[in-house]
>>> print(open('model_17.csv').read())   # CSV, C-alpha atoms
chain,number,residue,atom,x,y,z
A,8,MET,CA,3.5,-0.5,-17.2
A,9,ILE,CA,2.7,-0.2,-13.5
A,10,TYR,CA,5.6,-0.1,-11.1
A,11,THR,CA,5.3,-0.6,-7.4
A,12,VAL,CA,8.0,0.5,-4.9
A,13,THR,CA,8.5,-1.3,-1.6
A,14,LEU,CA,11.6,0.0,0.2
A,15,ASN,CA,11.3,-2.4,3.1
A,16,PRO,CA,9.5,-5.6,2.1
A,17,SER,CA,9.0,-8.4,4.6
A,18,ILE,CA,7.8,-11.8,5.3
A,19,ASP,CA,4.7,-11.5,7.5
A,20,TYR,CA,4.6,-14.4,9.9
A,21,ILE,CA,1.1,-14.8,11.3
A,22,VAL,CA,0.5,-16.8,14.5
A,23,ARG,CA,-2.8,-17.6,16.0
A,24,LEU,CA,-3.4,-18.4,19.7
A,25,ASP,CA,-6.5,-18.8,21.8
A,26,GLU,CA,-5.0,-16.3,24.3
A,27,LEU,CA,-1.7,-14.4,24.5
A,28,LYS,CA,-0.1,-14.5,28.0
A,29,THR,CA,3.1,-12.5,28.6
A,30,GLY,CA,5.9,-13.9,30.6
A,31,ILE,CA,5.3,-17.6,29.8
A,32,THR,CA,5.6,-19.9,26.8
A,33,ASN,CA,2.6,-19.7,24.5
A,34,ARG,CA,1.5,-22.4,22.0
A,35,THR,CA,0.0,-21.5,18.7
A,36,THR,CA,-3.1,-23.1,17.2
A,37,SER,CA,-2.0,-22.3,13.7
A,38,GLU,CA,0.6,-20.4,11.7
A,39,GLU,CA,1.1,-19.1,8.2
A,40,TYR,CA,3.3,-16.7,6.4
A,41,TYR,CA,2.9,-14.3,3.5
A,42,ILE,CA,5.2,-12.1,1.4
A,43,GLY,CA,4.5,-8.6,2.7
A,44,GLY,CA,5.2,-4.9,2.1
A,45,LYS,CA,2.6,-2.4,0.8
A,46,GLY,CA,3.8,-2.1,-2.7
A,47,ILE,CA,4.2,-5.9,-3.0
A,48,ASN,CA,0.7,-6.3,-1.8
A,49,VAL,CA,-0.5,-3.9,-4.6
A,50,SER,CA,1.4,-5.9,-7.2
A,51,CYS,CA,-0.1,-9.2,-6.0
A,52,VAL,CA,-3.7,-7.9,-6.1
A,53,LEU,CA,-3.1,-6.3,-9.5
A,54,ALA,CA,-2.0,-9.8,-10.7
A,55,GLU,CA,-5.3,-11.2,-9.4
A,56,LEU,CA,-7.0,-8.6,-11.6
A,57,GLY,CA,-4.9,-9.8,-14.6
A,58,ILE,CA,-2.7,-6.7,-14.7
A,59,LYS,CA,1.0,-6.8,-15.0
A,60,SER,CA,3.4,-4.8,-12.8
A,61,THR,CA,7.0,-4.5,-12.0
A,62,ALA,CA,7.9,-4.7,-8.3
A,63,LEU,CA,10.9,-2.5,-7.3
A,64,GLY,CA,12.7,-2.3,-3.9
A,65,PHE,CA,15.4,-3.9,-1.8
A,66,VAL,CA,15.9,-7.4,-0.6
A,67,ALA,CA,18.6,-9.0,1.5
A,68,GLY,CA,19.7,-12.4,2.8
A,69,PHE,CA,17.8,-15.7,2.9
A,70,THR,CA,14.5,-13.9,3.7
A,71,GLY,CA,15.1,-11.7,0.6
A,72,GLU,CA,15.5,-14.8,-1.5
A,73,ALA,CA,12.2,-16.1,-0.1
A,74,ILE,CA,10.4,-12.9,-1.0
A,75,GLU,CA,11.6,-13.1,-4.6
A,76,LYS,CA,10.6,-16.7,-4.9
A,77,GLY,CA,7.3,-16.0,-3.3
A,78,LEU,CA,6.5,-13.4,-6.0
A,79,LYS,CA,6.9,-15.8,-8.9
A,80,ASN,CA,3.9,-14.9,-11.0
A,81,PRO,CA,3.6,-14.3,-14.8
A,82,LYS,CA,2.0,-11.0,-14.0
A,83,ILE,CA,4.7,-9.7,-11.7
A,84,THR,CA,8.3,-8.9,-12.6
A,85,ALA,CA,10.4,-8.8,-9.5
A,86,ASP,CA,13.2,-6.3,-10.1
A,87,PHE,CA,14.7,-5.9,-6.6
A,88,ILE,CA,18.1,-4.7,-5.7
A,89,THR,CA,19.9,-7.3,-3.5
A,90,LEU,CA,21.7,-5.6,-0.6
A,91,LYS,CA,25.2,-6.4,0.4
A,92,SER,CA,24.4,-7.3,4.0
A,93,GLY,CA,21.6,-8.0,6.4
A,94,ILE,CA,18.3,-9.8,5.9
A,95,SER,CA,14.9,-8.6,4.8
A,96,ARG,CA,12.7,-8.2,7.8
A,97,ILE,CA,10.2,-10.7,9.3
A,98,ASN,CA,7.1,-9.1,10.8
A,99,ILE,CA,5.1,-11.0,13.4
A,100,LYS,CA,1.3,-10.7,13.4
A,101,ILE,CA,-0.2,-12.2,16.6
A,102,LYS,CA,-3.9,-13.0,16.4
A,103,ALA,CA,-5.3,-13.9,19.8
A,104,GLY,CA,-8.7,-12.3,20.0
A,105,GLU,CA,-7.3,-8.9,19.0
A,106,GLU,CA,-4.4,-8.3,16.6
A,107,THR,CA,-0.9,-7.4,17.8
A,108,GLU,CA,1.8,-6.6,15.3
A,109,ILE,CA,5.6,-6.5,15.8
A,110,ASN,CA,7.2,-4.9,12.8
A,111,CYS,CA,11.0,-5.1,12.5
A,112,GLN,CA,13.4,-2.4,11.2
A,113,GLY,CA,14.9,-4.1,8.1
A,114,PRO,CA,18.4,-4.1,6.7
A,115,HIS,CA,20.8,-1.2,6.2
A,116,ILE,CA,20.6,0.5,2.8
A,117,ASP,CA,23.6,2.7,1.8
A,118,GLU,CA,23.7,5.6,-0.7
A,119,GLU,CA,25.2,3.5,-3.5
A,120,GLU,CA,22.3,1.0,-3.2
A,121,LEU,CA,19.8,3.8,-3.2
A,122,LEU,CA,21.4,5.2,-6.4
A,123,ASN,CA,20.9,1.8,-8.0
A,124,LEU,CA,17.2,2.1,-7.3
A,125,PHE,CA,17.1,5.6,-8.8
A,126,ASP,CA,18.6,4.1,-12.0
A,127,LYS,CA,15.6,1.8,-12.3
A,128,ILE,CA,13.2,4.7,-11.6
A,129,ASP,CA,14.8,6.6,-14.5
A,130,ASN,CA,13.6,3.9,-16.9
A,131,ILE,CA,10.0,4.7,-16.1
A,132,GLN,CA,8.4,6.3,-19.1
A,133,SER,CA,5.5,8.7,-19.9
A,134,GLY,CA,2.2,6.8,-19.7
A,135,ASP,CA,3.4,4.5,-16.9
A,136,THR,CA,2.1,4.4,-13.3
A,137,LEU,CA,4.3,4.5,-10.2
A,138,ILE,CA,2.9,3.4,-6.9
A,139,ILE,CA,5.0,4.2,-3.8
A,140,ALA,CA,3.7,2.6,-0.7
A,141,GLY,CA,4.6,2.2,3.0
A,142,ASN,CA,7.1,3.6,5.4
A,143,ILE,CA,10.8,3.8,4.8
A,144,PRO,CA,13.7,2.0,6.6
A,145,ASN,CA,15.3,4.2,9.2
A,146,THR,CA,18.6,4.0,7.3
A,147,LEU,CA,17.1,5.9,4.3
A,148,PRO,CA,16.8,9.7,4.3
A,149,ASP,CA,13.4,11.3,5.1
A,150,ASP,CA,13.2,12.8,1.6
A,151,VAL,CA,13.6,9.5,-0.3
A,152,TYR,CA,10.1,9.6,-1.7
A,153,GLU,CA,10.6,13.1,-2.9
A,154,ARG,CA,13.8,12.2,-4.6
A,155,ILE,CA,12.2,9.3,-6.3
A,156,ILE,CA,9.3,11.4,-7.6
A,157,GLU,CA,11.5,14.3,-8.6
A,158,ARG,CA,13.4,12.1,-11.0
A,159,LEU,CA,10.2,11.7,-13.0
A,160,ASP,CA,9.7,15.4,-13.3
A,161,GLY,CA,8.7,16.3,-16.9
A,162,LYS,CA,7.4,12.8,-17.7
A,163,ASP,CA,3.6,12.1,-17.8
A,164,VAL,CA,3.7,9.5,-15.1
A,165,ARG,CA,0.8,8.8,-12.8
A,166,ILE,CA,2.1,8.9,-9.2
A,167,VAL,CA,0.3,7.1,-6.4
A,168,VAL,CA,1.5,7.7,-2.9
A,169,ASP,CA,0.2,5.6,0.1
A,170,ALA,CA,2.3,6.7,3.0
A,171,THR,CA,2.0,8.5,6.4
A,172,LYS,CA,2.6,12.0,7.7
A,173,LYS,CA,5.6,13.8,6.3
A,174,LEU,CA,6.3,11.2,3.6
A,175,LEU,CA,2.8,11.9,2.2
A,176,VAL,CA,2.6,15.6,2.8
A,177,ASN,CA,6.0,16.3,1.3
A,178,SER,CA,5.0,14.5,-1.9
A,179,LEU,CA,2.0,16.8,-2.5
A,180,LYS,CA,4.0,19.5,-4.3
A,181,TYR,CA,4.6,17.0,-7.1
A,182,LYS,CA,0.8,16.8,-7.7
A,183,PRO,CA,0.4,13.0,-7.3
A,184,PHE,CA,-2.5,11.4,-9.2
A,185,LEU,CA,-3.7,9.6,-6.1
A,186,ILE,CA,-3.1,9.6,-2.4
A,187,LYS,CA,-4.7,7.2,0.1
A,188,PRO,CA,-4.6,8.2,3.8
A,189,ASN,CA,-7.0,6.6,6.3
A,190,ARG,CA,-9.1,8.5,8.8
A,191,GLN,CA,-6.4,8.3,11.5
A,192,GLU,CA,-3.7,9.5,9.2
A,193,LEU,CA,-5.9,12.4,8.1
A,194,SER,CA,-6.3,13.3,11.7
A,195,GLU,CA,-2.6,13.2,12.3
A,196,ILE,CA,-1.8,15.3,9.2
A,197,PHE,CA,-4.0,18.1,10.3
A,198,ASP,CA,-3.5,17.6,14.1
A,199,THR,CA,-7.3,17.3,14.7
A,200,THR,CA,-9.9,14.6,15.2
A,201,VAL,CA,-11.7,13.7,12.0
A,202,LYS,CA,-15.1,12.3,12.9
A,203,THR,CA,-17.8,13.1,10.5
A,204,GLU,CA,-18.1,12.5,6.7
A,205,SER,CA,-18.1,16.3,6.3
A,206,ASP,CA,-14.8,16.4,8.2
A,207,VAL,CA,-13.4,13.8,5.8
A,208,VAL,CA,-14.4,15.7,2.8
A,209,LYS,CA,-13.1,19.0,4.2
A,210,TYR,CA,-9.6,17.7,4.9
A,211,ALA,CA,-9.5,15.7,1.7
A,212,GLN,CA,-10.1,19.0,-0.1
A,213,GLU,CA,-7.3,20.6,1.9
A,214,LEU,CA,-5.0,17.9,0.6
A,215,GLN,CA,-6.1,18.7,-2.9
A,216,LYS,CA,-5.3,22.4,-2.3
A,217,MET,CA,-1.8,21.2,-1.3
A,218,GLY,CA,-1.4,19.3,-4.7
A,219,ALA,CA,-3.1,16.0,-4.7
A,220,LYS,CA,-5.4,15.3,-7.6
A,221,ASN,CA,-7.5,12.5,-6.2
A,222,VAL,CA,-7.8,11.8,-2.5
A,223,LEU,CA,-9.1,8.3,-1.4
A,224,ILE,CA,-9.8,8.0,2.3
A,225,SER,CA,-10.3,4.5,3.7
A,226,LEU,CA,-12.7,4.5,6.6
A,227,GLY,CA,-12.5,1.0,8.0
A,228,GLY,CA,-16.0,-0.3,8.9
A,229,ASP,CA,-17.5,2.8,7.3
A,230,GLY,CA,-16.1,2.0,3.8
A,231,ALA,CA,-14.3,4.5,1.7
A,232,LEU,CA,-14.7,8.1,0.4
A,233,LEU,CA,-13.1,9.6,-2.7
A,234,VAL,CA,-12.9,13.3,-3.6
A,235,ASP,CA,-11.9,13.2,-7.2
A,236,GLU,CA,-9.9,15.7,-9.3
A,237,PHE,CA,-13.1,17.3,-10.6
A,238,GLY,CA,-14.4,18.0,-7.0
A,239,LYS,CA,-17.0,15.2,-7.0
A,240,VAL,CA,-17.4,13.2,-3.8
A,241,HIS,CA,-17.9,9.4,-4.1
A,242,LYS,CA,-18.7,7.0,-1.3
A,243,GLU,CA,-18.8,3.2,-0.9
A,244,GLY,CA,-19.7,1.2,2.1
A,245,VAL,CA,-18.7,-2.3,3.2
A,246,ILE,CA,-20.3,-5.5,2.3
A,247,LYS,CA,-22.3,-6.9,5.2
A,248,GLY,CA,-22.8,-10.5,6.3
A,249,HIS,CA,-19.1,-11.5,6.1
A,250,LYS,CA,-16.7,-12.0,9.0
A,251,VAL,CA,-13.6,-9.9,9.0
A,252,LEU,CA,-10.6,-12.2,9.1
A,253,ASN,CA,-7.8,-10.0,8.2
A,254,THR,CA,-7.1,-6.2,8.0
A,255,VAL,CA,-3.5,-6.4,6.9
A,256,GLY,CA,-3.2,-5.4,3.3
A,257,SER,CA,-6.8,-4.3,2.9
A,258,GLY,CA,-5.8,-0.7,2.1
A,259,ASP,CA,-3.2,-1.8,-0.3
A,260,SER,CA,-5.8,-4.0,-2.1
A,261,MET,CA,-8.0,-0.9,-2.3
A,262,VAL,CA,-5.2,1.0,-4.0
A,263,ALA,CA,-4.7,-1.9,-6.5
A,264,GLY,CA,-8.4,-2.0,-7.4
A,265,PHE,CA,-8.6,1.8,-7.8
A,266,VAL,CA,-5.6,2.0,-10.1
A,267,ALA,CA,-6.9,-1.0,-12.1
A,268,GLY,CA,-10.3,0.8,-12.4
A,269,CYS,CA,-8.6,3.8,-13.9
A,270,ILE,CA,-6.4,2.1,-16.5
A,271,ASP,CA,-8.8,2.4,-19.5
A,272,LYS,CA,-10.6,5.6,-18.5
A,273,ASN,CA,-11.0,7.9,-15.6
A,274,ASP,CA,-14.3,6.4,-14.3
A,275,TYR,CA,-13.7,7.3,-10.7
A,276,ALA,CA,-17.0,5.9,-9.5
A,277,TYR,CA,-16.2,2.5,-10.9
A,278,ALA,CA,-12.6,2.7,-9.7
A,279,LEU,CA,-13.8,3.3,-6.1
A,280,LYS,CA,-16.2,0.4,-6.5
A,281,LEU,CA,-13.5,-2.0,-7.7
A,282,GLY,CA,-11.1,-0.7,-5.1
A,283,SER,CA,-13.7,-1.3,-2.4
A,284,ALA,CA,-14.4,-4.8,-3.6
A,285,CYS,CA,-10.6,-5.6,-3.5
A,286,GLY,CA,-10.3,-4.1,0.0
A,287,ASN,CA,-13.3,-6.0,1.3
A,288,ALA,CA,-12.1,-9.2,-0.3
A,289,THR,CA,-8.8,-9.1,1.6
A,290,ALA,CA,-10.6,-8.3,4.8
A,291,PHE,CA,-12.8,-11.4,4.4
A,292,LEU,CA,-9.9,-13.8,3.6
A,293,ASN,CA,-6.8,-14.9,5.6
A,294,GLY,CA,-4.5,-13.6,2.8
A,295,LEU,CA,-4.8,-11.1,0.1
A,296,ALA,CA,-7.8,-10.7,-2.2
A,297,THR,CA,-8.3,-13.4,-4.9
A,298,LYS,CA,-10.0,-12.9,-8.3
A,299,ASP,CA,-12.9,-15.1,-7.3
A,300,LYS,CA,-13.6,-13.2,-4.1
A,301,ILE,CA,-13.2,-9.8,-5.8
A,302,ASP,CA,-15.7,-10.8,-8.5
A,303,GLU,CA,-18.1,-12.1,-5.9
A,304,LEU,CA,-18.1,-8.9,-3.9
A,305,LEU,CA,-18.0,-6.5,-6.9
A,306,ALA,CA,-21.4,-7.9,-7.9
A,307,GLN,CA,-22.7,-6.9,-4.5
A,308,PHE,CA,-21.8,-3.2,-4.7
>>> encode(input="model_17.csv", output="structure tokens")
Amino acid sequence: MIYTVTLNPSIDYIVRLDELKTGITNRTTSEEYYIGGKGINVSCVLAELGIKSTALGFVAGFTGEAIEKGLKNPKITADFITLKSGISRINIKIKAGEETEINCQGPHIDEEELLNLFDKIDNIQSGDTLIIAGNIPNTLPDDVYERIIERLDGKDVRIVVDATKKLLVNSLKYKPFLIKPNRQELSEIFDTTVKTESDVVKYAQELQKMGAKNVLISLGGDGALLVDEFGKVHKEGVIKGHKVLNTVGSGDSMVAGFVAGCIDKNDYAYALKLGSACGNATAFLNGLATKDKIDELLAQF
């Protein structure tokens, strides 16, 4: 079984305008909403690939109920903890020429509710995969990812971490199967400017020395690069001739595709190809990648 953890899921409310002007009332040209959160995005794309997963995390209030209803899919088991107070956050994505995002904080999570999540984590068995993705609510301790991973110590569980800065770095001592920083996050981790492909490889190898087995770097318009656990470097570009409509969730889609590509065997070249097809598919759609779009683009790699 594949488990995803989204500690701070959301409803992403997307509004489109011809132009955003501050200080006055703006009128939208269209609106839509999607169930959001990085781990949830991974579960949704895995479902498109025909792969079952269990989505763990926290929900609260009427927006939490909407998140659970929005995840109704035979391939997704929503096993969230309902918080005693607050509401799950609504994030606003403003698309008016350029993208502007307003991400909210989310509800309060107390220690008892966190322990309820740990009880679910304890049920994960050897042979399973755990994908931990996204930032954490400010009411949770900074070491929450470490505490989650530590509970699986001694089990043969594939750990995937897609997070930023300390959340990612502090997980490396547990030797995660896969991490997926982007170029900017790589620069932040090492307090430098990562420009060239050789820079990307160099710092990916540094992350391996710190404990990561496979390091997948998303490079935006330059595609993606993987340094696998055997030291081999793989590279995939982006599909040309398509208009980029949406960047939200593209990295999560890449994680889903990569994990799906590794299920039967560790064919990392194929896993990167499938991950890239999923990431591109999301970028070329208004929502997350669909099976039809993934299949279409996979044939072009």
>>> closest_residue(input="model_17.csv", among="A:Glu39, A:Asp129, A:Asp149, A:Asp117", to="Asn177 in chain A", atoms="only C-alpha atoms")
A:Asp149
>>> atom_distance(input="model_17.csv", atom1="CA of Phe69 in chain A", atom2="CA of Thr84 in chain A")
19.4 Å
>>> closest_residue(input="model_17.csv", among="A:Ile9, A:Ala54, A:Ile224, A:Ala231", to="Ile131 in chain A", atoms="all atoms listed in the file")
A:Ile9
>>> residues_around(input="model_17.csv", residues="range 11-15 of chain A", least_positions_apart="6", cutoff="9 Å", atoms="only C-alpha atoms", output="MDAnalysis selection string")
chainID A and resid 44:47 49:50 60:66 95:96 112:114 136:144
>>> atom_distance(input="model_17.csv", atom1="CA of Ile156 in chain A", atom2="CA of Cys51 in chain A")
22.7 Å
>>> decode(input="model_17.csv", residues="range 174-191 of chain A", atoms="N, CA and C atoms", output="compact mmCIF listing (two decimals), in the first residue's frame")
# COMPACT_ATOMS: atom_id res chain seq x y z
N LEU A 174 12.88 20.76 7.06
CA LEU A 174 12.02 19.58 7.04
C LEU A 174 12.64 18.48 6.18
N LEU A 175 13.23 18.89 5.07
CA LEU A 175 13.87 17.92 4.18
C LEU A 175 15.21 17.46 4.74
N VAL A 176 16.05 18.42 5.10
CA VAL A 176 17.41 18.09 5.54
C VAL A 176 17.38 17.20 6.78
N ASN A 177 16.49 17.49 7.71
CA ASN A 177 16.44 16.72 8.95
C ASN A 177 15.92 15.29 8.76
N SER A 178 15.32 15.04 7.61
CA SER A 178 14.83 13.68 7.33
C SER A 178 15.92 12.79 6.74
N LEU A 179 17.02 13.38 6.31
CA LEU A 179 18.02 12.63 5.55
C LEU A 179 18.71 11.55 6.38
N LYS A 180 18.79 11.75 7.67
CA LYS A 180 19.46 10.75 8.52
C LYS A 180 18.70 9.43 8.55
N TYR A 181 17.43 9.45 8.11
CA TYR A 181 16.63 8.22 8.05
C TYR A 181 16.74 7.53 6.69
N LYS A 182 17.62 8.06 5.82
CA LYS A 182 17.91 7.46 4.51
C LYS A 182 16.64 7.25 3.67
N PRO A 183 15.92 8.33 3.36
CA PRO A 183 14.70 8.19 2.56
C PRO A 183 15.00 7.64 1.16
N PHE A 184 14.05 6.89 0.63
CA PHE A 184 14.19 6.31 -0.70
C PHE A 184 14.28 7.39 -1.77
N LEU A 185 13.50 8.46 -1.60
CA LEU A 185 13.46 9.53 -2.61
C LEU A 185 13.20 10.87 -1.93
N ILE A 186 13.91 11.89 -2.41
CA ILE A 186 13.58 13.27 -2.06
C ILE A 186 13.46 14.05 -3.36
N LYS A 187 12.66 15.14 -3.35
CA LYS A 187 12.45 15.89 -4.59
C LYS A 187 12.50 17.40 -4.35
N PRO A 188 13.67 17.94 -4.14
CA PRO A 188 13.75 19.41 -4.11
C PRO A 188 13.72 19.97 -5.53
N ASN A 189 13.38 21.24 -5.67
CA ASN A 189 13.56 21.90 -6.95
C ASN A 189 14.85 22.71 -6.94
N ARG A 190 15.16 23.38 -8.03
CA ARG A 190 16.44 24.09 -8.11
C ARG A 190 16.55 25.18 -7.04
N GLN A 191 15.47 25.91 -6.81
CA GLN A 191 15.50 26.97 -5.81
C GLN A 191 15.73 26.40 -4.41
